Amino acid sequence: MPRELRLGVNIDHVATIRNARGGATPDPIRAAVMAAEAGADGITAHLREDRRHITDGDIQRLSNEIDIPLNLEMAATEEMLDIALRHKPHAACLVPEKREERTTEGGLDVISGQAHLTPFVQKLTDHGIRVSIFIEPSENQLEVAKIMGAPVVELHTGAYCDAQGAQKEKELQRIINSAAFAEEIGLECHAGHGLSFDTVAPVAKIPTIVELNIGHFLIGEAIFQGLELSIKEMRRLMNEARGL
Ligand code: PXP
């Protein structure tokens with residue numbers, strides 16, 4: 001029997017469009033409620049240091065107004081730790097953050113960052129928040145994530161999504177190998193970044209991955225077919241690939 005594959009819907013870019021005009025619409029919390037109704041298993045939101053999309057008020061409202069798990073993506077900074085401990089989301093995903101980047105360009109380097117990151121994993125865990133670490137699909141990174149005490153890793157799928165031809169197969173293989181290794185060493189494995197209708201199936205097929213977090217494509221596709229149908233189609237493709 002294939003294992004369930006959860007879909008976390010990232011609503012950051014509803015807030016990006018809202019912030020383009022500085023008003024209240026489109027409301028990312030309305031999108032989160034619709035996503036839950038369309039079958040999302042969780043909502044993911046990244047509160048960036050520069051608040052370019054999600055704001056502190058959004059996190060407050062998400063905490064109060066949605067009844068599916070919230071996964072807060074956050075940089076490992078004292079400011080974000082305070083916010084996470086105040087709201088106690090179901091999960092927190094530690095991500096790298098550079099002010100000048102357009103999006104989260106790669107995974108966290110837990111090898112060079114181990115000393116800095118470990119106390120964040122511990123404090124979040126001590127407060128009952130399930131911690132995941134967003135890393136490149138590499139055994140070395142997974143080994144250190146395990147030592148740091150995080151129960152979950154999320155593999156960055158961006159290189160796979162962007163690659164062409166033979167390189168795409170290579171990048172996919174890295175994800176497959178890393179997801180198998182994660183299970184071997186007792187880590188729950190998630191994946192995300194850049195996934196679309198065209199790229200989701202081979203990742204959804206990997207049996208040791210139990211959650212995908214998808215945002216930009218779904219919000220873009222919502223322009224053409226609406227959020228509900230775009231989420232339902234993603235879910236259909238995930239289930240089909242998984243044999244569910
Ligand atoms: N997972 C993580 C850890 C991310 O940082 C992001 C982007 O915020 C995503 C998943 C979703 O990526 P995308 O918006 O490209 O689907």
# chains A, B, ... in the order shown; residues from 1 in each chain; ligands from 1
call {"tool": "residues_near_ligand", "arguments": {"ligand": "ligand 1", "cutoff": "9 Å", "atoms": "only C-alpha atoms and all ligand atoms", "output": "PyMOL selection string"}}
result
chain A and resi 8-13+44-46+73-74+93-96+103-107+132-135+154-158+190-196+212-219
call {"tool": "write_last_selection", "arguments": {"atoms": "C-alpha atoms", "output": "mmCIF file, in the first residue's frame"}}
result
data_model
loop_
_atom_site.group_PDB
_atom_site.id
_atom_site.type_symbol
_atom_site.label_atom_id
_atom_site.label_comp_id
_atom_site.auth_asym_id
_atom_site.auth_seq_id
_atom_site.Cartn_x
_atom_site.Cartn_y
_atom_site.Cartn_z
ATOM 1 C CA GLY A 8 1.438 21.778 1.748
ATOM 2 C CA VAL A 9 0.287 24.857 -0.155
ATOM 3 C CA ASN A 10 2.566 27.872 0.082
ATOM 4 C CA ILE A 11 0.534 31.082 -0.106
ATOM 5 C CA ASP A 12 3.426 33.597 -0.097
ATOM 6 C CA HIS A 13 2.733 34.881 -3.564
ATOM 7 C CA THR A 44 3.170 26.976 4.308
ATOM 8 C CA ALA A 45 4.222 30.609 4.670
ATOM 9 C CA HIS A 46 7.661 32.199 4.688
ATOM 10 C CA GLU A 73 9.392 28.880 6.894
ATOM 11 C CA MET A 74 11.966 30.962 8.697
ATOM 12 C CA CYS A 93 11.163 24.879 8.326
ATOM 13 C CA LEU A 94 14.599 26.456 8.654
ATOM 14 C CA VAL A 95 15.615 28.002 5.337
ATOM 15 C CA PRO A 96 18.557 30.070 4.142
ATOM 16 C CA THR A 103 13.604 33.244 -4.004
ATOM 17 C CA THR A 104 15.179 30.625 -1.717
ATOM 18 C CA GLU A 105 17.931 29.737 -4.145
ATOM 19 C CA GLY A 106 19.410 26.704 -2.459
ATOM 20 C CA GLY A 107 19.236 24.630 0.669
ATOM 21 C CA SER A 132 12.422 20.569 9.302
ATOM 22 C CA ILE A 133 15.581 21.740 7.623
ATOM 23 C CA PHE A 134 15.583 22.746 3.959
ATOM 24 C CA ILE A 135 18.694 21.217 2.398
ATOM 25 C CA GLU A 154 12.902 19.057 3.139
ATOM 26 C CA LEU A 155 14.876 18.410 -0.037
ATOM 27 C CA HIS A 156 15.286 21.377 -2.404
ATOM 28 C CA THR A 157 13.863 20.352 -5.774
ATOM 29 C CA GLY A 158 14.802 23.580 -7.588
ATOM 30 C CA HIS A 190 9.672 16.314 2.468
ATOM 31 C CA ALA A 191 10.474 18.045 -0.823
ATOM 32 C CA GLY A 192 9.702 21.286 -2.572
ATOM 33 C CA HIS A 193 10.621 24.353 -4.584
ATOM 34 C CA GLY A 194 9.780 25.013 -8.208
ATOM 35 C CA LEU A 195 7.400 22.056 -8.601
ATOM 36 C CA SER A 196 4.734 22.323 -11.301
ATOM 37 C CA LEU A 212 5.461 18.227 -0.959
ATOM 38 C CA ASN A 213 5.365 21.986 -0.432
ATOM 39 C CA ILE A 214 4.272 23.875 -3.510
ATOM 40 C CA GLY A 215 3.507 27.559 -3.951
ATOM 41 C CA HIS A 216 4.566 29.740 -6.857
ATOM 42 C CA PHE A 217 3.234 27.511 -9.630
ATOM 43 C CA LEU A 218 -0.120 26.909 -7.905
ATOM 44 C CA ILE A 219 -0.728 30.602 -7.272
#
call {"tool": "residues_around", "arguments": {"residues": "A:Ala38", "least_positions_apart": "6", "cutoff": "8 Å", "atoms": "only C-alpha atoms", "output": "list of chain:residue names"}}
result
A:Glu228, A:Leu229, A:Ile231, A:Lys232
call {"tool": "write_last_selection", "arguments": {"atoms": "N, CA, C and O atoms", "output": "PDB file, in the first residue's frame"}}
result
ATOM      1  N   GLU A 228      -8.834  26.611  -6.480  1.00  0.00           N
ATOM      2  CA  GLU A 228      -9.373  25.289  -6.147  1.00  0.00           C
ATOM      3  C   GLU A 228      -8.993  24.258  -7.209  1.00  0.00           C
ATOM      4  O   GLU A 228      -8.452  23.192  -6.891  1.00  0.00           O
ATOM      5  N   LEU A 229      -9.211  24.595  -8.484  1.00  0.00           N
ATOM      6  CA  LEU A 229      -8.916  23.617  -9.533  1.00  0.00           C
ATOM      7  C   LEU A 229      -7.425  23.384  -9.675  1.00  0.00           C
ATOM      8  O   LEU A 229      -6.979  22.278  -9.961  1.00  0.00           O
ATOM      9  N   ILE A 231      -5.201  23.430  -7.293  1.00  0.00           N
ATOM     10  CA  ILE A 231      -4.785  22.524  -6.202  1.00  0.00           C
ATOM     11  C   ILE A 231      -5.307  21.104  -6.463  1.00  0.00           C
ATOM     12  O   ILE A 231      -4.586  20.123  -6.287  1.00  0.00           O
ATOM     13  N   LYS A 232      -6.545  21.024  -6.925  1.00  0.00           N
ATOM     14  CA  LYS A 232      -7.120  19.685  -7.172  1.00  0.00           C
ATOM     15  C   LYS A 232      -6.356  18.957  -8.272  1.00  0.00           C
ATOM     16  O   LYS A 232      -6.154  17.741  -8.197  1.00  0.00           O
TER      17      LYS A 232
END
call {"tool": "atom_distance", "arguments": {"atom1": "atom CA of A:Val14", "atom2": "atom CA of A:His90"}}
result
21.4 Å
call {"tool": "select_by_dssp", "arguments": {"residues": "stretch 1-241 of chain A", "states": "alpha helix (DSSP H)", "output": "PyMOL selection string"}}
result
chain A and resi 12-21+28-37+56-65+78-87+110-126+139-148+158-162+165-184+200-204+216-225+227-241
call {"tool": "write_last_selection", "arguments": {"atoms": "C-alpha atoms", "output": "compact mmCIF listing (two decimals), in the first residue's frame"}}
result
# COMPACT_ATOMS: atom_id res chain seq x y z
CA ASP A 12 3.43 33.60 -0.10
CA HIS A 13 2.73 34.88 -3.56
CA VAL A 14 -0.85 35.81 -2.84
CA ALA A 15 0.76 38.24 -0.41
CA THR A 16 3.26 39.28 -3.10
CA ILE A 17 0.37 40.44 -5.30
CA ARG A 18 -1.38 42.13 -2.38
CA ASN A 19 1.79 43.98 -1.44
CA ALA A 20 2.28 45.23 -5.00
CA ARG A 21 -0.47 47.77 -4.18
CA PRO A 28 -3.53 35.30 1.62
CA ILE A 29 -5.61 34.01 4.53
CA ARG A 30 -8.64 33.71 2.26
CA ALA A 31 -6.38 31.72 -0.09
CA ALA A 32 -5.29 29.50 2.81
CA VAL A 33 -8.92 28.76 3.74
CA MET A 34 -9.72 27.96 0.09
CA ALA A 35 -6.63 25.77 -0.16
CA ALA A 36 -7.78 23.78 2.87
CA GLU A 37 -11.23 23.38 1.30
CA ASP A 56 3.63 39.47 10.91
CA GLY A 57 -0.12 40.15 10.79
CA ASP A 58 -0.56 37.33 8.26
CA ILE A 59 1.17 34.88 10.58
CA GLN A 60 -1.06 36.02 13.43
CA ARG A 61 -4.17 35.52 11.33
CA LEU A 62 -3.02 32.19 9.90
CA SER A 63 -2.43 30.97 13.45
CA ASN A 64 -5.96 32.00 14.47
CA GLU A 65 -8.00 31.36 11.37
CA GLU A 78 16.63 35.52 16.94
CA GLU A 79 13.81 37.68 15.56
CA MET A 80 12.22 34.74 13.73
CA LEU A 81 12.73 32.42 16.67
CA ASP A 82 10.80 34.83 18.94
CA ILE A 83 7.97 35.00 16.43
CA ALA A 84 7.85 31.20 16.04
CA LEU A 85 7.81 30.66 19.79
CA ARG A 86 5.02 33.22 20.16
CA HIS A 87 2.76 31.60 17.57
CA VAL A 110 24.08 22.53 7.60
CA ILE A 111 27.72 21.45 7.49
CA SER A 112 29.13 24.97 7.78
CA GLY A 113 26.09 26.14 9.78
CA GLN A 114 25.84 23.33 12.31
CA ALA A 115 26.98 25.31 15.36
CA HIS A 116 24.68 28.24 14.58
CA LEU A 117 21.65 26.14 13.63
CA THR A 118 21.61 23.47 16.33
CA PRO A 119 20.28 25.74 19.14
CA PHE A 120 17.42 26.85 16.87
CA VAL A 121 16.45 23.22 16.23
CA GLN A 122 16.58 22.54 19.97
CA LYS A 123 14.60 25.59 21.09
CA LEU A 124 11.86 25.07 18.51
CA THR A 125 11.66 21.38 19.38
CA ASP A 126 11.54 22.13 23.11
CA GLU A 139 23.96 12.52 1.97
CA ASN A 140 26.49 14.73 3.75
CA GLN A 141 23.83 17.34 4.47
CA LEU A 142 21.37 14.67 5.63
CA GLU A 143 23.87 13.16 8.04
CA VAL A 144 24.46 16.51 9.72
CA ALA A 145 20.73 17.34 9.82
CA LYS A 146 20.25 14.06 11.68
CA ILE A 147 23.03 14.86 14.16
CA MET A 148 21.43 18.27 14.79
CA GLY A 158 14.80 23.58 -7.59
CA ALA A 159 17.84 22.21 -9.44
CA TYR A 160 15.77 19.26 -10.71
CA CYS A 161 12.93 21.54 -11.82
CA ASP A 162 15.27 23.92 -13.65
CA GLY A 165 17.79 16.87 -20.71
CA ALA A 166 20.19 14.40 -19.11
CA GLN A 167 20.93 16.78 -16.25
CA LYS A 168 17.28 16.58 -15.17
CA GLU A 169 17.57 12.82 -14.76
CA LYS A 170 20.75 13.28 -12.72
CA GLU A 171 19.11 15.82 -10.42
CA LEU A 172 16.11 13.54 -9.98
CA GLN A 173 18.41 10.66 -9.09
CA ARG A 174 20.03 12.82 -6.39
CA ILE A 175 16.58 13.38 -4.87
CA ILE A 176 15.70 9.67 -5.09
CA ASN A 177 18.99 8.63 -3.44
CA SER A 178 18.72 11.28 -0.73
CA ALA A 179 15.11 10.41 0.07
CA ALA A 180 16.09 6.74 0.47
CA PHE A 181 19.03 7.69 2.68
CA ALA A 182 16.81 9.96 4.80
CA GLU A 183 14.57 7.01 5.60
CA GLU A 184 17.58 4.81 6.33
CA VAL A 200 5.69 16.90 -9.84
CA ALA A 201 5.07 13.29 -10.88
CA PRO A 202 8.63 11.86 -10.68
CA VAL A 203 9.04 13.42 -7.21
CA ALA A 204 5.60 12.29 -6.01
CA HIS A 216 4.57 29.74 -6.86
CA PHE A 217 3.23 27.51 -9.63
CA LEU A 218 -0.12 26.91 -7.90
CA ILE A 219 -0.73 30.60 -7.27
CA GLY A 220 0.24 31.42 -10.87
CA GLU A 221 -2.00 28.69 -12.23
CA ALA A 222 -4.85 30.03 -10.08
CA ILE A 223 -4.94 33.04 -12.41
CA PHE A 224 -6.02 30.76 -15.22
CA GLN A 225 -8.16 28.11 -13.59
CA LEU A 227 -7.04 28.18 -6.87
CA GLU A 228 -9.37 25.29 -6.15
CA LEU A 229 -8.92 23.62 -9.53
CA SER A 230 -5.18 24.25 -9.60
CA ILE A 231 -4.78 22.52 -6.20
CA LYS A 232 -7.12 19.68 -7.17
CA GLU A 233 -5.18 19.06 -10.38
CA MET A 234 -1.88 19.03 -8.47
CA ARG A 235 -3.34 16.57 -5.99
CA ARG A 236 -4.60 14.37 -8.84
CA LEU A 237 -1.15 14.28 -10.44
CA MET A 238 0.49 13.50 -7.09
CA ASN A 239 -1.95 10.67 -6.34
CA GLU A 240 -1.67 9.24 -9.84
CA ALA A 241 2.13 9.17 -9.66
call {"tool": "residues_around", "arguments": {"residues": "A:Ile68", "least_positions_apart": "6", "cutoff": "8 Å", "atoms": "only C-alpha atoms", "output": "ChimeraX atom specification"}}
result
/A:36,41-43
call {"tool": "atom_distance", "arguments": {"atom1": "atom CA of A:Gly186", "atom2": "atom CA of A:Glu4"}}
result
17.5 Å
call {"tool": "atom_distance", "arguments": {"atom1": "atom CA of A:Glu97", "atom2": "atom CA of A:Gly128"}}
result
23.9 Å
call {"tool": "residues_around", "arguments": {"residues": "A:Cys189", "least_positions_apart": "5", "cutoff": "6 Å", "atoms": "only C-alpha atoms", "output": "PDB file with N, CA and C atoms, in the first residue's frame"}}
result
ATOM      1  N   VAL A 152      12.835  16.130  10.659  1.00  0.00           N
ATOM      2  CA  VAL A 152      12.372  16.209   9.272  1.00  0.00           C
ATOM      3  C   VAL A 152      13.389  16.980   8.430  1.00  0.00           C
ATOM      4  N   VAL A 153      13.552  16.553   7.178  1.00  0.00           N
ATOM      5  CA  VAL A 153      14.292  17.379   6.216  1.00  0.00           C
ATOM      6  C   VAL A 153      13.385  17.647   5.026  1.00  0.00           C
ATOM      7  N   GLU A 154      13.583  18.795   4.407  1.00  0.00           N
ATOM      8  CA  GLU A 154      12.902  19.057   3.139  1.00  0.00           C
ATOM      9  C   GLU A 154      13.977  19.189   2.074  1.00  0.00           C
ATOM     10  N   ILE A 209       9.253   9.952   0.286  1.00  0.00           N
ATOM     11  CA  ILE A 209       8.877  11.362   0.484  1.00  0.00           C
ATOM     12  C   ILE A 209       7.415  11.396   0.926  1.00  0.00           C
TER      13      ILE A 209
END
call {"tool": "select_by_dssp", "arguments": {"residues": "stretch 68-224 of chain A", "states": "strand (DSSP E or B)", "output": "ChimeraX atom specification"}}
result
/A:70-74,91-94,130-135,152-156,188-192,209-214
